[in-house]
Structure formats: C-alpha cells, structure tokens
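Okay, structure first, notes after.
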Amino acid sequence: MCDERGTALADSIVIRDVTKTVLTPDGPKSLLKGVDLHLEQGRIYGVIGLGGAGKSTLLKLIAGEIRPTSGTVELFGRSIRELDDADRTELLANVAKVGVTPDLAPDQTIIESVAEVAQHAQERRDRLGEDKDKPRLEPSEIALHLLRALGLRALRNLYPAQLSGGELQRASVARALADEPRILLLDEVTGALDHLESREILRLIRQLVKERNITVVLATHEISAIKEICDNVIVLDRGLVVEEGPAHAVIADPQADRTRAFVQSASSLGKVSDLLAGPDPVVDLRPGQKLISLRYVSEDVSEPLVSLVTRKFGIDVNIMLADIQIVGKYPIGGIVGIFEGPERNIRDAIIFLRGKKVRVEVIAEN
Ligand SMILES: Nc1ncnc2c1ncn2[C@@H]1O[C@H](COP(=O)(O)OP(=O)(O)OP(=O)(O)O)[C@@H](O)[C@H]1O
Ligand SMILES: [Mg+2]
C-alpha cells in the first residue's frame with residue numbers, strides 16, 4: 001500500500017485473529033471475535049459501531065491495557081505479549097490515548113499539564129538516545145505551541161474545572177500529542193460535543209497528526225466523524241469486523257447491513273422512502289413521470305451529469321432531493337429527481353448514467 005506521494009507505508013498496528021472473551025455471571029461473553037486488521041503508519045482509522053460493539057475493547061487491546069484471549073497485537077512488528085516488562089513499557093510509550101472523559105490533573109493549569117508530559121517525552125528520548133541532533137525546545141514552549149495549534153493559547157493558565165467540555169477535550173488532545181506518540185487512540189472524543197465543535201476539533205486533530213505522521217484509531221458511533229477526518233473505516237458489529245476499507249469507498253457503497261444503516265442515517269436520501277410512504281406524499285407523479293434516485297459510488301463523478309442527460313436525451317429532470325458530500329477528495333451521495341420525457345429517452349438516459357458508474361434506481365413511476 002502507498003500514500004498519496006507513492007511512498008510505501010509501513011505497518012503500524014497488526015491485529016491477528018484476536019478474540020477477547022470475558023467471564024460474566026451469565027457465562028462467557030465474546031467481546032471481539034477473530035479480528036484481523038493491518039493499520040498503516042500515518043493513516044487515520046475510524047472504528048464505528050453501535051454501543052457495545054467492541055470499539056473501546058479494541059482500543060484497550062492496542063494500548064496494552066488488556067490482553068487478548070487468543071491472537072496477537074503487534075505494534076511496529078513487535079508482539080506486545082511476547083515482550084518482557086521493560087520492553088513492553090518502552091513499546092507502549094509510543095501509544096497515547098484520549099478517553100471519553102478528559103482526565104487532566106485538577107490542580108495544574110492546562111499548560112502545566114501539557115508541559116509535564118512534554119518533559120517526560122524528552123526524558124524518554126534522552127534515555128533512548130533518540131533525536132540527539134534535533135533542536136531542543138523547552139517543554140513549556142512545546143506545550144504553548146500545541147495549545148496554540150488547538151486554539152487554547154488564551155486559556156493556557158486556566159484549570160480544568162474552568163474549561164468547557166470542548167476546551168477540555170482539546171487540552172487532552174494537546175497533552176496526548178505532547179507525549180510524541182506514533183499511535184494516538186481516541187475513544188469517542190467528540191461524543192459529548194455539538195456538531196460544529198466536534199467538527200472543529202476533528203479538523204485540528206487531522207492537521208496535527210498528519211504533520212507528525214501519527215497513526216490514529218478513532219472510536220465513534222457517528223458517521224459524521226468518519227467523514228470529517230478518517231482515511232479508512234472499520235465497522236464493528238457485536239465483536240466482528242463486518243466491513244473495512246477506504247472511508248470514501250465504504251461510505252459511497254456500503255456492503256454490510258450495519259454499515260448501510262449508519263450511512264443512511266446520516267443522509268437525507270435515506271428519507272426518500274419516508275417521504276413517499278407518508279400520509280401526505282410530497283411526490284405526486286403525473287403519467288409519464290418517473291421518480292429516480294442516482295447514487296454516486298465511484299470516485300470519478302465530477303461531470304455535471306444531470307444537465308448532461310437532460311440535453312443529450314431531451315428529457316426534464318426536476319431535482320427533489322440532493323445530498324452530495326465530499327469525503328476524502330471525492331463526491332459521494334446522490335440525488336432523487338422526477339424524470340419526464342419519452343419512455344425510450346429516459347431508458348437511454350438510465351443506460352448512459354449506469355455507464356458512468358452511477359447507481360440508478362427507479363423508485364416509482366406512473
Ligand atoms: N470486563 C468486562 N466484563 C464483562 N463485559 C464487558 C467487559 N468489558 C466490556 N464488556 C462488554 O463488552 C461489550 C463491548 O464493550 P465496549 O466497551 O468495547 O463497547 P463499545 O463499542 O466501546 O460501546 P460504546 O459505544 O457504548 O462505548 C459490551 O457489551 C460491554 O458491556
Ligand atoms: Mg466505548
């Protein structure tokens with residue numbers, strides 16, 4: 001696998017046939033079942049699933065907080081389990097995690113918290129003899145730089161109790177980055193935030209981790225978070241990976257029922273059937289009209305296809321609903337419109353659109 005510049009990407013996290021089973025009063029319970037994943041360095045992975053799907057369990061395994069019942073978790077080619085305590089600690093020092101509830105020390109200002117972690121990271125590198133030639137910055141300078149990048153410069157001397165939920169999350173991300181991780185695990189970091197704020201944080205995170213070539217695994221139950229920053233998506237359903245792939249491809253053309261439900265819940269196109277079935281249908285078709293949905297599932301839909309088919313086939317298209325979003329660099333989504341014109345022309349238009357890799361479905365006709 002290569003990145004946009006054609007550079008080979010190294011495996012960062014490899015999960016081989018991992019199962020996690022716990023004993024409960026009702027008997028054994030499988031939290032993860034036969035999970036196999038290869039995550040590449042520098043990419044942002046979104047793990048999406050309903051509550052209880054196993055997202056946090058997966059993150060805990062990668063952070064070495066829990067052990068798999070069977071299978072292995074490897075970071076940079078080394079299996080966490082097979083190392084002695086000292087080597088394991090050293091390996092896991094590459095991993096930072098931000099959880100659902102920020103846990104900054106209540107008696108430190110946020111700049112003190114972040115600087116403390118930066119100081120520890122520097123001591124660790126000194127001990128390992130790494131980056132000797134790199135210019136040295138004071139921990140407080142590193143902290144200030146990170147807080148500024150996350151829009152918290154003016155609040156740097158406040159205590160956690162004085163910050164809003166979103167500010168606290170940003171401060172936690174700054175602290176995690178001060179640790180200079182190569183892997184950053186984010187568990188529902190934007191779960192409690194409103195849409196605009198979570199969008200802002202995700203964008204800042206994306207910029208910072210891409211500059212630093214950090215691998216990110218973000219657990220979420222919001223497809224909007226995946227669309228915002230993820231390169232790849234992993235869909236978990238009751239402990240099983242039911243789908244994975246580049247975010248654009250999976251969202252544009254979901255294969256698993258669970259993925260489809262997530263994607264539809266976030267798209268107004270999913271509401272078409274509700275509109276048609278409602279007591280007061282918004283669409284009243286006249287004879288010769290067809291209600292057609294067009295879904296863009298390939299990466300190269302950049303032409304203005306609707307105006308093209310209206311001209312080329314001499315038909316009218318009245319757009320009822322459109323939901324097109326850019327994920328990665330590509331438009332995905334689609335439109336629903338009433339097509340009107342000679343039967344044969346509409347049929348030819350459909351064939352033409354399908355040739356352009358557009359998914360065409362006649363939803364209703366009169
Ligand atoms: N130590 C444990 N003992 C028993 N059950 C557990 C344990 N840890 C997790 N579980 C159960 O395993 C399932 C998966 O939990 P996990 O926290 O990974 O889910 P999640 O996908 O992160 O859910 P959420 O979206 O609610 O955070 C849940 O049903 C949870 O109750
Ligand atoms: Mg969770």
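Residues in the structure tokens are numbered from 1 in each chain, the chains being A, B, ... in the order shown, and ligands are numbered from 1 in the order shown.
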
Nearby residues, ligand 1, 6 Å, only C-alpha atoms and all ligand atoms, as an mmCIF file with N, CA, C and O atoms, in the first residue's frame:
data_model
loop_
_atom_site.group_PDB
_atom_site.id
_atom_site.type_symbol
_atom_site.label_atom_id
_atom_site.label_comp_id
_atom_site.auth_asym_id
_atom_site.auth_seq_id
_atom_site.Cartn_x
_atom_site.Cartn_y
_atom_site.Cartn_z
ATOM 1 N N VAL A 22 -14.703 -12.657 27.998
ATOM 2 C CA VAL A 22 -14.669 -12.424 29.452
ATOM 3 C C VAL A 22 -15.721 -13.325 30.100
ATOM 4 O O VAL A 22 -16.678 -13.748 29.442
ATOM 5 N N THR A 24 -18.697 -13.705 32.628
ATOM 6 C CA THR A 24 -19.709 -12.892 33.306
ATOM 7 C C THR A 24 -20.566 -13.850 34.137
ATOM 8 O O THR A 24 -20.481 -15.070 33.951
ATOM 9 N N LEU A 31 -16.276 -10.463 23.414
ATOM 10 C CA LEU A 31 -16.311 -9.023 23.107
ATOM 11 C C LEU A 31 -15.753 -8.762 21.714
ATOM 12 O O LEU A 31 -16.190 -7.859 21.021
ATOM 13 N N GLY A 49 -19.340 1.616 15.297
ATOM 14 C CA GLY A 49 -20.200 0.513 15.706
ATOM 15 C C GLY A 49 -21.178 1.025 16.742
ATOM 16 O O GLY A 49 -20.952 2.083 17.338
ATOM 17 N N LEU A 50 -22.229 0.282 16.967
ATOM 18 C CA LEU A 50 -23.213 0.682 17.975
ATOM 19 C C LEU A 50 -22.617 0.509 19.365
ATOM 20 O O LEU A 50 -21.555 -0.102 19.525
ATOM 21 N N GLY A 51 -23.315 0.982 20.380
ATOM 22 C CA GLY A 51 -22.875 0.780 21.765
ATOM 23 C C GLY A 51 -22.703 -0.716 22.031
ATOM 24 O O GLY A 51 -23.562 -1.512 21.645
ATOM 25 N N GLY A 52 -21.585 -1.091 22.647
ATOM 26 C CA GLY A 52 -21.358 -2.494 22.970
ATOM 27 C C GLY A 52 -20.756 -3.311 21.843
ATOM 28 O O GLY A 52 -20.551 -4.518 21.980
ATOM 29 N N ALA A 53 -20.430 -2.669 20.705
ATOM 30 C CA ALA A 53 -19.907 -3.417 19.557
ATOM 31 C C ALA A 53 -18.491 -3.926 19.793
ATOM 32 O O ALA A 53 -18.042 -4.880 19.157
ATOM 33 N N GLY A 54 -17.753 -3.274 20.712
ATOM 34 C CA GLY A 54 -16.384 -3.715 20.985
ATOM 35 C C GLY A 54 -15.320 -2.676 20.647
ATOM 36 O O GLY A 54 -14.126 -2.974 20.669
ATOM 37 N N LYS A 55 -15.739 -1.431 20.375
ATOM 38 C CA LYS A 55 -14.791 -0.380 19.963
ATOM 39 C C LYS A 55 -13.770 -0.083 21.067
ATOM 40 O O LYS A 55 -12.563 -0.084 20.822
ATOM 41 N N SER A 56 -14.272 0.174 22.276
ATOM 42 C CA SER A 56 -13.349 0.512 23.365
ATOM 43 C C SER A 56 -12.460 -0.667 23.711
ATOM 44 O O SER A 56 -11.285 -0.505 24.040
ATOM 45 N N THR A 57 -13.015 -1.871 23.594
ATOM 46 C CA THR A 57 -12.217 -3.078 23.855
ATOM 47 C C THR A 57 -11.047 -3.149 22.864
ATOM 48 O O THR A 57 -9.910 -3.439 23.249
#

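Summary of the local environment: counting only C-alpha atoms, residues at most 7 Å from Met320 of chain A, other than itself and those fewer than 2 positions away along its chain, are Asn318, Ala322, Val336 and Gly337 of chain A.
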
Could those selected residues go to a file with N, CA, C and O atoms, as a short mmCIF file (atom, residue, chain, number, x, y, z; two decimals), in the first residue's frame?
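See again_6.cif below for the written result:
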data_model
loop_
_atom_site.label_atom_id
_atom_site.label_comp_id
_atom_site.auth_asym_id
_atom_site.auth_seq_id
_atom_site.Cartn_x
_atom_site.Cartn_y
_atom_site.Cartn_z
N ASN A 318 -36.40 17.09 -12.66
CA ASN A 318 -36.73 18.03 -11.60
C ASN A 318 -36.18 17.45 -10.28
O ASN A 318 -36.66 16.44 -9.78
N ALA A 322 -31.21 16.41 -2.91
CA ALA A 322 -29.81 16.18 -3.29
C ALA A 322 -28.98 16.14 -2.03
O ALA A 322 -29.21 16.92 -1.11
N VAL A 336 -32.27 12.60 -5.91
CA VAL A 336 -33.52 11.96 -6.30
C VAL A 336 -34.28 12.99 -7.12
O VAL A 336 -34.41 14.15 -6.70
N GLY A 337 -34.73 12.60 -8.31
CA GLY A 337 -35.42 13.57 -9.16
C GLY A 337 -36.55 12.93 -9.95
O GLY A 337 -36.63 11.70 -10.08
#

- Task: Extract, using only C-alpha atoms, all DNA, RNA and protein residues at most 9 Å from Leu92 of chain A, discarding same-chain residues fewer than 6 positions from it, and format them as a list in words.
- Result: Ile62, Ala63, Gly64, Leu75 and Ile80 of chain A

- Message: Taking only C-alpha atoms into account, name the residue in A:Thr89, A:Asn157, A:Gln119, A:Gln169 that is nearest to Asp103 of chain A.
- Response: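 Ranking A:Thr89, A:Asn157, A:Gln119, A:Gln169 by distance to Asp103 of chain A, first place goes to A:Gln169.
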
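Between atom CA of Ala364 of chain A and atom CA of Pro287 of chain A lies a distance of 11.3 Å.
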
- Query: Given the choices A:Ile229, A:Leu186, A:Ala96, A:Leu147, which gets closest to Glu167 of chain A if the distance is worked out from only C-alpha atoms?
  - Reply: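 The answer is A:Leu147, which sits nearest to Glu167 of chain A.
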
- Task: Check the smallest atom-to-atom distance from each of A:Glu112, A:Asp17, A:Glu200, A:Glu243 to Glu228 of chain A using only C-alpha atoms, then report the winner.
- Result: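 Among A:Glu112, A:Asp17, A:Glu200, A:Glu243, it is A:Glu200 that comes nearest to Glu228 of chain A.
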
- Between A:Ser30, A:Asn345, A:Thr101, A:Thr259, single out the one closest to ligand 2, counting only C-alpha atoms and all ligand atoms.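 Of the candidates, the smallest distance to ligand 2 is held by A:Thr101.
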
- Task: Record the distance separating atom CA of Ile223 of chain A and atom CA of Pro160 of chain A, expressed in Å with one decimal.
- Result: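 Atom CA of Ile223 of chain A sits 29.1 Å away from atom CA of Pro160 of chain A.
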
Mind the document's chain letters and residue numbers, and return as a PDB file with C-alpha atoms, in the first residue's frame the residues of segment 2-114 of chain A that DSSP labels strand (DSSP E or B).
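Generated file (out24.pdb):
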ATOM      1  CA  CYS A   2       1.250   3.529  -0.800  1.00  0.00           C
ATOM      2  CA  ALA A   8       5.412   2.743   0.832  1.00  0.00           C
ATOM      3  CA  ASP A  11       2.511  -1.477   9.180  1.00  0.00           C
ATOM      4  CA  SER A  12       1.912   0.310  12.421  1.00  0.00           C
ATOM      5  CA  ILE A  13      -0.616  -1.946  14.150  1.00  0.00           C
ATOM      6  CA  VAL A  14      -1.255  -5.537  13.151  1.00  0.00           C
ATOM      7  CA  ILE A  15      -4.021  -7.482  14.836  1.00  0.00           C
ATOM      8  CA  ARG A  16      -4.013 -11.180  14.084  1.00  0.00           C
ATOM      9  CA  ASP A  17      -7.056 -13.319  14.713  1.00  0.00           C
ATOM     10  CA  VAL A  18      -7.761 -11.622  18.037  1.00  0.00           C
ATOM     11  CA  THR A  19     -10.503 -12.896  20.284  1.00  0.00           C
ATOM     12  CA  LYS A  20     -11.447 -11.395  23.624  1.00  0.00           C
ATOM     13  CA  THR A  21     -13.724 -13.370  25.885  1.00  0.00           C
ATOM     14  CA  VAL A  22     -14.669 -12.424  29.452  1.00  0.00           C
ATOM     15  CA  LEU A  23     -16.460 -14.394  32.106  1.00  0.00           C
ATOM     16  CA  THR A  24     -19.709 -12.892  33.306  1.00  0.00           C
ATOM     17  CA  GLY A  27     -21.273 -17.315  31.356  1.00  0.00           C
ATOM     18  CA  PRO A  28     -18.507 -16.429  28.878  1.00  0.00           C
ATOM     19  CA  LYS A  29     -19.093 -13.401  26.660  1.00  0.00           C
ATOM     20  CA  SER A  30     -17.206 -12.687  23.420  1.00  0.00           C
ATOM     21  CA  LEU A  31     -16.311  -9.023  23.107  1.00  0.00           C
ATOM     22  CA  LEU A  32     -14.197  -9.468  19.964  1.00  0.00           C
ATOM     23  CA  LYS A  33     -14.279 -12.407  17.574  1.00  0.00           C
ATOM     24  CA  GLY A  34     -11.483 -13.265  15.139  1.00  0.00           C
ATOM     25  CA  VAL A  35     -10.422  -9.687  14.431  1.00  0.00           C
ATOM     26  CA  ASP A  36      -7.723  -9.297  11.752  1.00  0.00           C
ATOM     27  CA  LEU A  37      -6.532  -5.789  10.929  1.00  0.00           C
ATOM     28  CA  HIS A  38      -3.476  -4.186   9.349  1.00  0.00           C
ATOM     29  CA  LEU A  39      -3.221  -0.485  10.107  1.00  0.00           C
ATOM     30  CA  GLU A  40      -0.608   1.571   8.302  1.00  0.00           C
ATOM     31  CA  ILE A  44      -6.486   7.825  10.370  1.00  0.00           C
ATOM     32  CA  TYR A  45      -8.798   4.878  11.047  1.00  0.00           C
ATOM     33  CA  GLY A  46     -12.353   5.298  12.237  1.00  0.00           C
ATOM     34  CA  VAL A  47     -13.843   2.374  14.153  1.00  0.00           C
ATOM     35  CA  ILE A  48     -17.614   2.673  14.013  1.00  0.00           C
ATOM     36  CA  SER A  70      -6.188 -15.529  21.743  1.00  0.00           C
ATOM     37  CA  GLY A  71      -4.349 -13.987  18.803  1.00  0.00           C
ATOM     38  CA  THR A  72      -1.709 -11.261  18.802  1.00  0.00           C
ATOM     39  CA  VAL A  73      -1.477  -7.483  18.735  1.00  0.00           C
ATOM     40  CA  GLU A  74       1.730  -6.197  17.139  1.00  0.00           C
ATOM     41  CA  LEU A  75       2.983  -2.633  17.170  1.00  0.00           C
ATOM     42  CA  ARG A  78       6.663  -6.461  17.805  1.00  0.00           C
ATOM     43  CA  SER A  79       4.039  -8.508  19.604  1.00  0.00           C
ATOM     44  CA  VAL A  95       0.889   4.950  22.187  1.00  0.00           C
ATOM     45  CA  ALA A  96      -1.202   7.796  23.639  1.00  0.00           C
ATOM     46  CA  LYS A  97      -4.890   7.615  24.371  1.00  0.00           C
ATOM     47  CA  VAL A  98      -7.617  10.190  24.927  1.00  0.00           C
TER      48      VAL A  98
END

- Could you give me, as an NGL selection string, each residue of segment 45-258 of chain A that DSSP assigns to helix (DSSP H, G or I) when run on this structure's backbone? :A and (55-62 or 85-92 or 110-128 or 139-149 or 153-155 or 160-162 or 165-178 or 195-212 or 223-229 or 247-252 or 257-258)

- Query: Suppose you want the space between atom CA of Gln162 of chain A and atom CA of Ser113 of chain A; what is it in Å?
  - Reply: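 Going from atom CA of Gln162 of chain A over to atom CA of Ser113 of chain A, I get 14.3 Å.
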
- Hey, what's within 9 Å of Gly328 of chain A if we count only C-alpha atoms and toss same-chain stuff fewer than 3 positions away? As a PyMOL selection string, please? chain A and resi 227-231+247-248+331

- Query: From the list A:Gly314, A:Pro246, A:Gly191, A:Gly355, which residue is nearest ligand 2 when using only C-alpha atoms and all ligand atoms?
  - Reply: A:Gly191

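If you measure from each of A:Arg295, A:Ala176, A:Lys210, A:Gln108 to Arg156 of chain A using only C-alpha atoms, the closest one turns out to be A:Gln108.
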
- For Ser198 of chain A, please output as a VMD selection string all residues within 12 Å (counting only C-alpha atoms; exclusion window: fewer than 6 positions along the same chain). chain A and resid 165 to 167 169 to 170 188 to 192 204 to 205 220 222 224 to 226 228 to 229

- Message: Using only C-alpha atoms, which protein or nucleic acid residues come within 9 Å of Asp107 of chain A? Drop anything in the same chain fewer than 2 positions from it, and give the result as a count of residues only.
- Response: 5

- Message: So that I can see what lies close to Tyr296 of chain A, please list as a list in words the residues with an atom at most 10 Å from it, counting only C-alpha atoms and leaving out residues fewer than 6 positions away in the same chain.
- Response: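 That gives Ala252, Asp253, Ser302, Ile324, Tyr330, Pro331, Ile332, Gly333, Gly334, Ile335, Lys356, Lys357, Val358, Arg359 and Val360 of chain A.
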
Please write the residues from the selection above to a file, keeping N, CA and C atoms, as an mmCIF file, in the first residue's frame.
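Result saved to out18.cif:
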data_model
loop_
_atom_site.group_PDB
_atom_site.id
_atom_site.type_symbol
_atom_site.label_atom_id
_atom_site.label_comp_id
_atom_site.auth_asym_id
_atom_site.auth_seq_id
_atom_site.Cartn_x
_atom_site.Cartn_y
_atom_site.Cartn_z
ATOM 1 N N ALA A 252 -19.546 5.369 0.278
ATOM 2 C CA ALA A 252 -20.251 5.509 -1.006
ATOM 3 C C ALA A 252 -21.007 4.244 -1.362
ATOM 4 N N ASP A 253 -20.466 3.109 -0.962
ATOM 5 C CA ASP A 253 -21.062 1.856 -1.415
ATOM 6 C C ASP A 253 -20.967 0.804 -0.314
ATOM 7 N N SER A 302 -17.361 13.672 -11.586
ATOM 8 C CA SER A 302 -17.104 15.100 -11.445
ATOM 9 C C SER A 302 -17.858 15.881 -12.507
ATOM 10 N N ILE A 324 -25.028 15.589 -1.582
ATOM 11 C CA ILE A 324 -23.708 15.222 -2.085
ATOM 12 C C ILE A 324 -22.669 15.814 -1.152
ATOM 13 N N TYR A 330 -13.422 13.017 -2.862
ATOM 14 C CA TYR A 330 -14.408 12.623 -3.855
ATOM 15 C C TYR A 330 -15.842 12.935 -3.448
ATOM 16 N N PRO A 331 -16.684 13.275 -4.444
ATOM 17 C CA PRO A 331 -18.089 13.489 -4.109
ATOM 18 C C PRO A 331 -18.779 12.145 -3.924
ATOM 19 N N ILE A 332 -19.569 12.027 -2.864
ATOM 20 C CA ILE A 332 -20.411 10.848 -2.750
ATOM 21 C C ILE A 332 -21.797 11.293 -2.322
ATOM 22 N N GLY A 333 -22.756 10.391 -2.485
ATOM 23 C CA GLY A 333 -24.121 10.739 -2.143
ATOM 24 C C GLY A 333 -24.954 10.559 -3.395
ATOM 25 N N GLY A 334 -25.901 11.446 -3.589
ATOM 26 C CA GLY A 334 -26.701 11.289 -4.788
ATOM 27 C C GLY A 334 -27.843 12.254 -4.818
ATOM 28 N N ILE A 335 -28.729 12.031 -5.782
ATOM 29 C CA ILE A 335 -29.893 12.890 -5.908
ATOM 30 C C ILE A 335 -31.121 12.029 -6.220
ATOM 31 N N LYS A 356 -21.732 5.465 -16.616
ATOM 32 C CA LYS A 356 -20.853 6.401 -15.890
ATOM 33 C C LYS A 356 -20.670 5.949 -14.445
ATOM 34 N N LYS A 357 -21.043 4.717 -14.167
ATOM 35 C CA LYS A 357 -20.924 4.118 -12.835
ATOM 36 C C LYS A 357 -21.818 4.780 -11.795
ATOM 37 N N VAL A 358 -22.930 5.363 -12.245
ATOM 38 C CA VAL A 358 -23.899 5.902 -11.288
ATOM 39 C C VAL A 358 -24.908 4.781 -11.017
ATOM 40 N N ARG A 359 -25.258 4.568 -9.738
ATOM 41 C CA ARG A 359 -26.299 3.585 -9.405
ATOM 42 C C ARG A 359 -27.653 4.229 -9.649
ATOM 43 N N VAL A 360 -28.428 3.652 -10.543
ATOM 44 C CA VAL A 360 -29.718 4.250 -10.878
ATOM 45 C C VAL A 360 -30.839 3.325 -10.415
#
